[in-house]
Amino acid sequence: MEEPSTKIRAITFDFWRTLFYADSGLQERRQARVDAAVRLTGRPRDAIKEAMKFIDSEFLRIHITEQRTLVPIDAIPMLERQLKISIGEDERVALAEEWADALIHHPPEPVEGALAAVRAAANLVPVGLISDTGIVPGSRIQKLLDRCGFLEHLRCLSFSDEVGVAKPQPAVFEHAAAALKVAPAELLHIGDLEPTDVKGAQNFGAKAALFCGDNTRYVKGSRADYVFSHWDEFVGNLARILD
């Protein structure tokens, strides 16, 4: 049986704080979700805000402790319990859809140079996306990627809410590697989080790059194979990385 190459033959990118700024449009998205809940439930705005703080903390807790992703519809029973109300099934679905659509109505901005980096990589090897999701599901991220010109360059999209597990679980990296038709050692994953992007990729057997253009928390002491603070650095070193 032929041994897999040790050369990089495919590249995957993280979404938040790697291709798109996390804080861009964040307050507007939160406000839109509060507005939707106030409109549907009739409850005071302050009560909705407190309930949504709890929902955010629960989504994060489950994401970290169980390494799986909840979706917007999972938030509605939490909202009901916090407000001590009952919401009809049709209204549940409608509210979950409005919360998901907040990304489309109040989108984040792409990180400077990100589209050029994805395009440059896609001209040389197959590229894909590996992204954890949450109150923003993969379906809406896909729409945003399409709107901003990224989607045409991506051969695969591995979203945690669709794969069923979150990074650093190997299954999400396996999903992408299989779609890109490469062995683990032939994959380079790029993201901003050391515990999930870097360690997850390396534990899977892939190479890992830390992108710190929007998140410098993990620069010191990172065990990534490569570290980039701007996408120009990545593009400038791309030929060497793939050599």
# chains A, B, ... in the order shown; residues from 1 in each chain; ligands from 1
call {"tool": "select_by_dssp", "arguments": {"residues": "region 60-192 of chain A", "states": "helix (DSSP H, G or I)", "output": "NGL selection string"}}
result
:A and (60-66 or 72-83 or 89-105 or 114-122 or 138-147 or 151-153 or 160-163 or 170-180 or 184-186)
call {"tool": "residues_around", "arguments": {"residues": "region 102-112 of chain A", "least_positions_apart": "6", "cutoff": "10 Å", "atoms": "only C-alpha atoms", "output": "count of residues only"}}
result
36
call {"tool": "residues_around", "arguments": {"residues": "Lys181 (chain A)", "least_positions_apart": "6", "cutoff": "10 Å", "atoms": "only C-alpha atoms", "output": "list in words"}}
result
Arg9, Ala10, Pro126, His175 and Leu187 of chain A
call {"tool": "atom_distance", "arguments": {"atom1": "CA of Pro72 (chain A)", "atom2": "CA of Ser139 (chain A)"}}
result
11.5 Å
call {"tool": "closest_atom_pairs", "arguments": {"of": "region 40-146 of chain A", "to": "region 194-201 of chain A", "cutoff": "12 Å", "atoms": "only C-alpha atoms", "output": "tab-separated table"}}
result
residue	atom	partner	partner_atom	distance
A:His63	CA	A:Thr196	CA	11.2
A:Ile64	CA	A:Thr196	CA	9.9
A:Gln67	CA	A:Thr196	CA	9.8
A:Leu129	CA	A:Asp197	CA	11.7
A:Ile130	CA	A:Asp197	CA	9.0
A:Ser131	CA	A:Asp197	CA	9.4
A:Asp132	CA	A:Thr196	CA	9.6
call {"tool": "write_last_selection", "arguments": {"atoms": "C-alpha atoms", "output": "CSV table (one decimal), in the first residue's frame"}}
result
chain,number,residue,atom,x,y,z
A,63,HIS,CA,-19.4,23.5,23.5
A,64,ILE,CA,-16.4,23.3,25.8
A,67,GLN,CA,-17.3,19.4,22.4
A,129,LEU,CA,-13.5,25.4,5.8
A,130,ILE,CA,-13.6,23.8,9.3
A,131,SER,CA,-15.8,25.9,11.6
A,132,ASP,CA,-17.4,25.5,14.9
call {"tool": "closest_residue", "arguments": {"among": "A:Val235, A:Lys220, A:Ala51, A:Val165", "to": "Val118 (chain A)", "atoms": "only C-alpha atoms"}}
result
A:Val235
call {"tool": "residues_around", "arguments": {"residues": "Thr41 (chain A)", "least_positions_apart": "6", "cutoff": "10 Å", "atoms": "only C-alpha atoms", "output": "VMD selection string"}}
result
chain A and resid 48 80 83 85 to 87 91 95
call {"tool": "select_by_dssp", "arguments": {"residues": "region 38-221 of chain A", "states": "strand (DSSP E)", "output": "VMD selection string"}}
result
chain A and resid 127 to 131 156 to 159 187 to 191 207 to 211
call {"tool": "write_last_selection", "arguments": {"atoms": "C-alpha atoms", "output": "mmCIF file, in the first residue's frame"}}
result
data_model
loop_
_atom_site.group_PDB
_atom_site.id
_atom_site.type_symbol
_atom_site.label_atom_id
_atom_site.label_comp_id
_atom_site.auth_asym_id
_atom_site.auth_seq_id
_atom_site.Cartn_x
_atom_site.Cartn_y
_atom_site.Cartn_z
ATOM 1 C CA VAL A 127 -9.112 24.212 0.141
ATOM 2 C CA GLY A 128 -11.982 23.945 2.600
ATOM 3 C CA LEU A 129 -13.468 25.379 5.775
ATOM 4 C CA ILE A 130 -13.640 23.830 9.254
ATOM 5 C CA SER A 131 -15.773 25.933 11.572
ATOM 6 C CA CYS A 156 -15.741 21.473 1.346
ATOM 7 C CA LEU A 157 -17.497 22.984 4.353
ATOM 8 C CA SER A 158 -17.193 21.155 7.670
ATOM 9 C CA PHE A 159 -19.487 22.809 10.215
ATOM 10 C CA LEU A 187 -3.592 18.614 5.419
ATOM 11 C CA LEU A 188 -2.771 22.057 6.810
ATOM 12 C CA HIS A 189 -5.435 23.663 9.007
ATOM 13 C CA ILE A 190 -5.297 27.373 9.850
ATOM 14 C CA GLY A 191 -7.166 28.939 12.768
ATOM 15 C CA LYS A 207 -0.130 20.351 10.200
ATOM 16 C CA ALA A 208 -1.440 23.469 11.937
ATOM 17 C CA ALA A 209 -0.979 27.208 11.495
ATOM 18 C CA LEU A 210 -1.997 29.794 14.085
ATOM 19 C CA PHE A 211 -3.518 32.952 12.610
#
call {"tool": "closest_residue", "arguments": {"among": "A:Ile55, A:Val34, A:Ala114, A:Ala122", "to": "Trp99 (chain A)", "atoms": "only C-alpha atoms"}}
result
A:Val34
call {"tool": "residues_around", "arguments": {"residues": "Val172 (chain A)", "least_positions_apart": "4", "cutoff": "7 Å", "atoms": "only C-alpha atoms", "output": "compact mmCIF listing (two decimals) with C-alpha atoms, in the first residue's frame"}}
result
# COMPACT_ATOMS: atom_id res chain seq x y z
CA SER A 158 -17.19 21.16 7.67
CA SER A 160 -19.71 21.42 13.73
CA VAL A 163 -20.78 17.01 11.38
CA VAL A 165 -18.93 17.32 16.90
CA ALA A 166 -16.81 20.41 17.45
CA LYS A 167 -13.08 21.00 17.26
CA ALA A 176 -12.76 17.73 5.72
call {"tool": "closest_residue", "arguments": {"among": "A:Thr6, A:Gly149, A:Phe228, A:Arg223", "to": "Pro184 (chain A)", "atoms": "only C-alpha atoms"}}
result
A:Thr6
call {"tool": "atom_distance", "arguments": {"atom1": "CA of Arg217 (chain A)", "atom2": "CA of Glu233 (chain A)"}}
result
18.8 Å
